[in-house]
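Accompanying notes for the structure given below.
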Amino acid sequence: MATLRVAVRVRPFNKRNSSNLKDGGKTFSYDFSYDSTDEGRPTFISQERIFHDLGSDVLKAAFEGFNTCLFAYGQTGSGKSYTMMGHTDDKGLIPRICEGLFCEISRRGKSEAVSFRTEVSYLEIYNERVQDLLKKKTTPTDGGLRVREHPRDGPYVEDLSKLLVHNHSDMEDLIILGNANRTTASTAMNDISSRSHAIFTISFTRAWFDAELPRETLSKIHLVDLAGSERADATLSTGTRLKEGANINKSLVSLGTVISALADLSVGGQSTKKKKQTFIPYRDSVLTWLLKDSLGGNSLTTMIATISPADVNYGETLSTLRYASRAKNIVNSPTVNEDSSVKVIRELQAEVTRLRQLLEEANQVLYMFKLVEEELHQNQTRVLALTKEWTSKWGETQSILQEETVALRKEGSGVVLGCQLPHLIGIDEDLLSTGIVLYYLKEGRTLIGSDEASCSQDIVLHGPGLLSEHCVLENRAGTVTLIPQDGALCSVNGSLVTDPCQLTQAVTHISHFDRFTFHSAVSFCCLQRGPQSDFSLPLTDMSRSTENLSKSIISTSVFTYQKIVALFWVNVAKCSHPEPCPGLLILAEAGLYTLTADFGLLVLFHHLPLLQLKEVHIGLAGHSLRMMGATEESILGVYTHSQQLTKELCSAILAVICPGDKRVSQHPLLHGDLKKLSFDWQACVPDLLLDAGLRICCQFQKSLAGLVYLLQSNMDQETVTLGEVQILLYTGVGVCISPSTHSEPLAQLLLTDTHLGLVQDEAVFHPTPRSVTIVPRCPQFHDLTLRQRSDVRCVLVHDEDERGAVSVDVILANVRGRGHPESVTKAATPPTQASNSSRHAEVWKLTFSCSSEAAFLINHLSNV
Ligand SMILES: Nc1ncnc2c1ncn2[C@@H]1O[C@H](COP(=O)(O)OP(=O)(O)OP(=O)(O)O)[C@@H](O)[C@H]1O
C-alpha cells in the first residue's frame with residue numbers, strides 16, 4: 001500500500017500579476033512544497049531539485065518493476081507545462097526523467113547482465129477525444145482513438161503509437177514531435193495555454209537471469225500534464241476556447257470526483273462492506289478512465305499541484321490546495337509487474353527443486369531401507385537359529401508341561417477355556433488389575449493356604465481369616481473333595497464345612513467366610529463340565545490326570561472384575577440360537593453372563609448388562625423366563641427346572657437392580673404359586689413395573705390358551721372340549737426317546753388327566769415383545785409329541801445321581817402317532833410303522849433336575 005504523494009509548487013509572478021495577501025493565510029501540509037517565486041531567494045526551488053525529489057523516485061520504482069505516475073494539476077498558467085516539460089534550457093520532469101532513464105540503462109548495462117526495452121507513446125485528450133501526438137495531426141473533426149479495457153492490463157488506447165526508443169536522442173525527438181502536435185492556444189491567462197490533457201507514457205521492460213532462471217519486469221511511467229483548471233471569466237474565453245474550457249473542466253471535475261471517492265475510501269476507517277459498495281466513477285471521463293490504475297490502483301503516483309502567487313488567483317489557488325490536500329488520502333496498491341510466463345517458469349522451477357529434494361530424501365530412505373532390510377535378514381536368520389534352539393529345549397520339557405497347560409483362546413468377544421480338568425476361577429479383589437485367576441486341579445492334592453505355611457502351598461491366598469494351611473482340594477480320578485484344615489473357616493455354596501466335602505455340584509463356591517461376607521472374601525467357582533447330553537447338571541468327567549497345579553491369568557474385556565452375586569444352572573436360548581441348551585447363568589453385580597459348552601469348550605453365550613435389562617417375562621408355570629434389553633440380540637430365553645428356581649433367579653436380579661423395593665416382596669409373580677396362576681383361567685396377574693424402568697410380567701392366559709388349543713386339537717377323543725383340557729404338570733426335562741421320534745434333547749413335559757406330552761416352548765420369540773419387534777419363527781408351542789396316559793405301561797425310576805438329577809423311563813405300549821396336520825410338526829409325526837397302524841413300544845427317558853417334579857409325574861402315572 002502507498003499513499004499518493006503530493007507536492008505543491010508556486011510559480012513566479014508574471015508581468016500581469018501583483019501580490020496582495022488577502023487574509024491571515026491558510027495552512028495545508030503536503031509531502032513537498034516548492035517555492036519557485038524568486039530565483040534570488042534562498043528558498044527557491046529549481047527544476048533540477050524537483051527532478052531530484054520526484055523524478056528520481058519515479059526512475060527507481062520503474063527499475064524495480066512498479067508502475068508510476070506523475071501528474072501536474074493547477075489552474076491555467078500556474079506552471080504545469082513548465083514543471084512537466086519546461087524549456088529547452090530549463091528542462092522539466094519529462095525530459096529529465098527520459099535522460100535519467102537512459103543514463104541508468106547505460107550504467108546498469110555495463111555492470112549487469114540485463115537488457116532493457118523502452119517504448120514511448122504520447123497522447124492528448126482534447127474535447128474528450130484521444131489524439132495520438134506521435135502521429136501526424138488529424139483534423140479536429142476526427143473522432144479520435146478508442147479507449148478500451150483489457151481484463152488484466154486495464155484501460156488502453158486502441159491503435160495508439162508505441163514507439164521503440166533506443167537512446168535519449170530518439171526520445172527527445174519524439175518529445176519534440178508530440179509537443180508540436182499538442183493543442184495550445186493563447187488565453188487571457190497564458191500566452192501558450194495547453195488546451196488538452198497530455199499523457200506521456202514510457203513502457204519499460206527489464207529482463208535478466210536470476211540463478212539461471214529468466215526474470216522480466218514491466219513498468220509503465222505515466223507523465224501527465226493536465227489542462228488548466230480555469231474559470232471562463234478569468235480566462236476571458238468565448239467560442240472555441242469556451243467549449244474547450246467546458247470539456248477541460250468536465251475532465252477535471254471527474255478527476256476531482258474520483259479523487260474524492262478514493263479519498264473517502266481511505267479515510268474514516270470505513271467498513272469493508274461499505275468500501276465494496278463505494279463506486280469510483282472512472283469512466284465519467286476519458287482522463288480518469290485512462291488514469292484508472294494511477295488513481296487507487298497498481299501504481300506509485302505523485303501529484304504536483306502548481307499554484308500562482310498572484311492575488312487575482314487567490315480563489316483558484318485555494319481550490320487547488322484543497323484539491324491537492326484531498327488527493328493526499330488516496331491509497332494505491334502497487335505491485336511488481338512480472339511477466340506471467342516467466343512467473344510460471346519460476347514456480348515450475350521451485351516445484352522441480354522441491355521434487356528433487358523429495359527424490360533425494362526418498363533415495364536416502366531407500367538407502368536406509370536397504371540397511372534395514374539387511375538387518376532384517378540378519379535378524380531373521382538369528383530368530384530361526386534361536387527358535388530351533390528353543391524348540392529343542394521346549395521338546396524336552398513339553399511332555400511335563402503339556403499336562404499343565406491351560407488352553408485359552410479368544411472367540412468373538414469371549415475367551416474360551418479349553419481345559420478338560422476341573423478348575424477354579426479365583427475371584428479376588430486383589431486381582432482387580434489383572435482379571436480372573438484360573439486354576440485347574442490336577443490329580444492328587446492341591447494345598448491352599450498362605451505364604452506363611454511351613455510347607456509350600458499350591459495356591460497361596462491372602463486375606464483376613466485365612467489359615468497358613470487352610471484347606472486341601474483332593475482330585476481323585478475327577479472327583480474333587482474339599483478337606484478343610486482344623487479351625488479353617490470354609491463354606492461351600494454358603495454352608496460352613498468342617499469335614500471333607502465332595503464337590504459334586506458343577507459350580508461350587510468355596511469361601512473362607514460365611515455367606516454374608518462372601519463378597520469380600522476370596523472365593524472360587526469350581527467348574528466341572530460334563531457331556532453335552534446332560535441336562536443342566538453335568539457329570540464330573542475327568543479324562544486326564546496330573547500331579548501339579550497350574551495357573552494362568554486371563555485378562556479379558558468380558559470378565560472384567562465383578563463380584564458374582566449368584567450362579568444358576570439353567571437351559572438357555574437366544575435369537576441366533578433358539579434351541580435351548582444347558583448353560584451357566586452368572587449374575588454379577590453389573591450384568592448377566594451366560595456360559596455354555598461348545599464342543600467341549602466353555603464359551604460366553606450371552607451377556608446382558610443389568611442397566612440394559614428392560615423386561616423379564618415369566619413363562620407358563622414359571623418354567624421359563626425371557627430377559628431382554630432394547631435390542632433383539634439382547635434377548636435371553638431361560639428354561640428353569642422349577643418355578644422355585646425361576647422366582648429365585650428373578651428375586652436375585654431384582655435385589656441387585658432395585659434392592660429393598662417392597663413391591664417385589666409382595667408381588668404374586670415372585671411369591672405366588674406360578675403353576676396355579678398359569679393354569680387358572682380366571683387369574684389376573686398384573687405387571688410389576690419398577691422404578692428402574694424394569695417390567696416383570698407374564699401372559700399366562702394367552703400361553704395357556706395356545707397350549708390347550710394345541711393339545712385339544714391333537715387329542716384322539718373328539719368329545720374333549722377346550723375347557724376340559726386340564727394341565728397338571730408342566731416342567732422342563734432332558735429327553736431321549738427310543739425308537740427315536742424326538743429330535744430335541746430338551747423339552748417341556750406336560751401332563752393332563754388323559755395325556756402325556758412333550759412340547760417345545762419358544763421362550764425367545766414369544767410372546768411378542770413390547771420393546772423389541774422380532775418375527776416369531778413358529779408358534780409358541782410346537783414339536784408336540786402327545787401320548788395317551790392309558791398307553792403308559794411302566795415307569796422305571798432310577799436312583800437320584802450324585803448331582804440330584806432324577807431319571808425316569810416311561811414305557812408306552814400300543815403307541816400310535818397322533819397329531820393335527822396343521823399344528824403338529826415333524827416330531828409329532830408318527831413313525832412309518834405307526835402310519836401303517838402297526839403298534840409298538842416306546843421308551844421316554846426323562847431327566848428331571850428337580851426331584852419334586854419327577855415325583856409328581858411318578859405319582860400320577862402310578863395312579864393310572
Ligand atoms: N516556475 C516557473 N519558473 C519560471 N517560469 C514559469 C514557472 N512556471 C510557469 N512559468 C512560466 O509561466 C508561463 C505559463 O506557464 P505554463 O504554460 O507552464 O502554465 P500552465 O499551467 O501549463 O498553463 P496552461 O494550463 O494554460 O497550459 C510560461 O511562460 C512559463 O514559462
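Residues in the C-alpha cells are named by chain (A, B, ... in the order shown) and by number from 1 within that chain; ligands are numbered from 1 in the order shown.
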
Around ligand 1, at most 6 Å away and counting only C-alpha atoms and all ligand atoms, which residues are there? Put them as a short mmCIF file (atom, residue, chain, number, x, y, z; two decimals) with N, CA and C atoms, in the first residue's frame, please.
data_model
loop_
_atom_site.label_atom_id
_atom_site.label_comp_id
_atom_site.auth_asym_id
_atom_site.auth_seq_id
_atom_site.Cartn_x
_atom_site.Cartn_y
_atom_site.Cartn_z
N ARG A 11 4.69 29.22 -8.63
CA ARG A 11 5.44 29.77 -9.77
C ARG A 11 5.82 31.24 -9.50
N PRO A 12 6.66 31.83 -10.31
CA PRO A 12 6.99 33.25 -10.10
C PRO A 12 5.84 34.16 -10.58
N SER A 36 9.03 28.54 -5.99
CA SER A 36 9.81 28.89 -7.19
C SER A 36 9.49 30.31 -7.63
N GLN A 75 -4.33 25.63 -11.99
CA GLN A 75 -5.06 26.50 -12.90
C GLN A 75 -4.16 26.85 -14.09
N THR A 76 -4.80 27.33 -15.07
CA THR A 76 -4.05 27.64 -16.29
C THR A 76 -2.99 28.72 -16.00
N GLY A 77 -1.87 28.51 -16.56
CA GLY A 77 -0.77 29.46 -16.40
C GLY A 77 -0.02 29.34 -15.09
N SER A 78 -0.35 28.32 -14.28
CA SER A 78 0.29 28.20 -12.95
C SER A 78 1.64 27.48 -13.03
N GLY A 79 2.00 26.92 -14.22
CA GLY A 79 3.32 26.32 -14.38
C GLY A 79 3.33 24.81 -14.50
N LYS A 80 2.21 24.21 -14.91
CA LYS A 80 2.16 22.75 -15.07
C LYS A 80 3.10 22.31 -16.19
N SER A 81 2.92 22.93 -17.36
CA SER A 81 3.75 22.54 -18.50
C SER A 81 5.21 22.86 -18.21
N TYR A 82 5.42 23.98 -17.53
CA TYR A 82 6.78 24.36 -17.19
C TYR A 82 7.41 23.29 -16.30
N ASN A 190 -2.62 32.84 -20.24
CA ASN A 190 -1.39 32.17 -20.66
C ASN A 190 -1.24 32.34 -22.17
N ILE A 192 0.72 30.73 -24.19
CA ILE A 192 0.68 29.40 -24.83
C ILE A 192 0.02 28.46 -23.84
N SER A 193 -1.28 28.45 -23.88
CA SER A 193 -2.01 27.64 -22.90
C SER A 193 -2.30 26.25 -23.48
N SER A 194 -2.01 25.23 -22.69
CA SER A 194 -2.34 23.86 -23.11
C SER A 194 -3.83 23.69 -23.01
N ALA A 227 -4.63 19.87 -18.55
CA ALA A 227 -5.03 21.21 -18.99
C ALA A 227 -5.38 22.01 -17.75
N GLY A 228 -5.40 23.32 -17.87
CA GLY A 228 -5.59 24.15 -16.68
C GLY A 228 -7.00 24.14 -16.18
#

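If only C-alpha atoms are the atoms counted, then among A:Trp289, A:Trp569, A:Phe116, A:Tyr30 the closest residue to Tyr156 (chain A) is A:Trp289.
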
Please provide as a PDB file with C-alpha atoms, in the first residue's frame all residues within 8 Å of Ser299 (chain A), with the sequence filter that same-chain residues fewer than 6 positions apart are discarded (counting only C-alpha atoms).
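Written out: around01.pdb:
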ATOM      1  CA  PHE A  66       6.430  -0.787 -10.435  1.00  0.00           C
ATOM      2  CA  ASN A  67       4.059   1.375 -12.410  1.00  0.00           C
ATOM      3  CA  THR A  68       4.457   5.063 -11.677  1.00  0.00           C
ATOM      4  CA  CYS A  69       2.500   8.185 -12.463  1.00  0.00           C
ATOM      5  CA  ASP A 293      -4.501   2.370 -12.430  1.00  0.00           C
ATOM      6  CA  ASN A 332      -2.723   2.820  -4.070  1.00  0.00           C
ATOM      7  CA  SER A 333      -1.573  -0.777  -4.090  1.00  0.00           C
ATOM      8  CA  PRO A 334       1.480  -1.008  -6.301  1.00  0.00           C
ATOM      9  CA  THR A 335       2.890  -4.425  -7.153  1.00  0.00           C
TER      10      THR A 335
END

Who sits within 7 Å of region 613-628 of chain A, only C-alpha atoms, same chain under 4 positions skipped, as an NGL selection string: :A and (609 or 634-643 or 646 or 674-675 or 678 or 693-698 or 700 or 703 or 730-732 or 763-764)

Using C-alpha atoms, can you write the selected residues to a file as a short mmCIF file (atom, residue, chain, number, x, y, z; two decimals), in the first residue's frame?
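Writing done, so here's out13.cif:
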data_model
loop_
_atom_site.label_atom_id
_atom_site.label_comp_id
_atom_site.auth_asym_id
_atom_site.auth_seq_id
_atom_site.Cartn_x
_atom_site.Cartn_y
_atom_site.Cartn_z
CA PRO A 609 -25.67 -55.62 31.31
CA SER A 634 -30.16 -58.79 23.99
CA ILE A 635 -32.99 -61.36 24.36
CA LEU A 636 -32.12 -64.32 26.52
CA GLY A 637 -34.55 -67.22 26.93
CA VAL A 638 -34.03 -69.14 30.14
CA TYR A 639 -35.60 -72.53 30.92
CA THR A 640 -35.53 -73.43 34.57
CA HIS A 641 -36.46 -76.79 36.03
CA SER A 642 -38.83 -75.38 38.64
CA GLN A 643 -40.87 -72.34 39.40
CA THR A 646 -37.38 -69.05 38.40
CA LEU A 674 -46.85 -69.70 39.37
CA LYS A 675 -48.17 -73.13 38.35
CA SER A 678 -50.71 -70.24 34.97
CA GLY A 693 -37.88 -48.98 34.29
CA LEU A 694 -37.78 -52.74 34.56
CA ARG A 695 -41.01 -54.63 33.95
CA ILE A 696 -41.75 -58.10 35.33
CA CYS A 697 -44.71 -59.59 33.55
CA CYS A 698 -46.40 -62.73 32.27
CA PHE A 700 -50.18 -66.92 31.38
CA SER A 703 -49.92 -69.04 26.65
CA TYR A 730 -45.56 -78.59 33.04
CA THR A 731 -41.81 -78.79 33.54
CA GLY A 732 -38.53 -78.83 31.65
CA ALA A 763 -39.13 -68.60 25.29
CA VAL A 764 -37.19 -66.35 22.96
#

Selection: 12 Å around His166 (chain A), only C-alpha atoms, excl. self and same-chain fewer than 6 positions, as a list in words: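 Counting only C-alpha atoms, the residues come to Cys98, Glu99, Leu101, Phe102, Cys103, Ile105, Ser106, Ser115, Phe116, Arg117, Thr118, Glu119, Val120, Glu172, Asp173, Leu174 and Phe204 of chain A.
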
Contact residues around Arg215 (chain A) with only C-alpha atoms at 12 Å, ignoring same-chain residues under 5 positions, as a PyMOL selection string: chain A and resi 64-65+113-116+205-210+336-347

Separation of CA of Asp31 (chain A) from CA of Asp311 (chain A) in Å: 24.6 Å

Distance in Å - CA of Arg356 (chain A) versus CA of Leu371 (chain A): 22.5 Å

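The two atoms in question, CA of Cys581 (chain A) and CA of Ala597 (chain A), are spaced 8.7 Å apart.
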
All helix (DSSP H, G or I) positions in region 27-115 of chain A, as JSON, numbers by chain: {"A": [47, 48, 49, 50, 51, 52, 53, 54, 55, 56, 57, 58, 59, 60, 61, 62, 63, 64, 80, 81, 82, 83, 84, 93, 94, 95, 96, 97, 98, 99, 100, 101, 102, 103, 104, 105, 106, 107, 108, 109, 110, 111]}
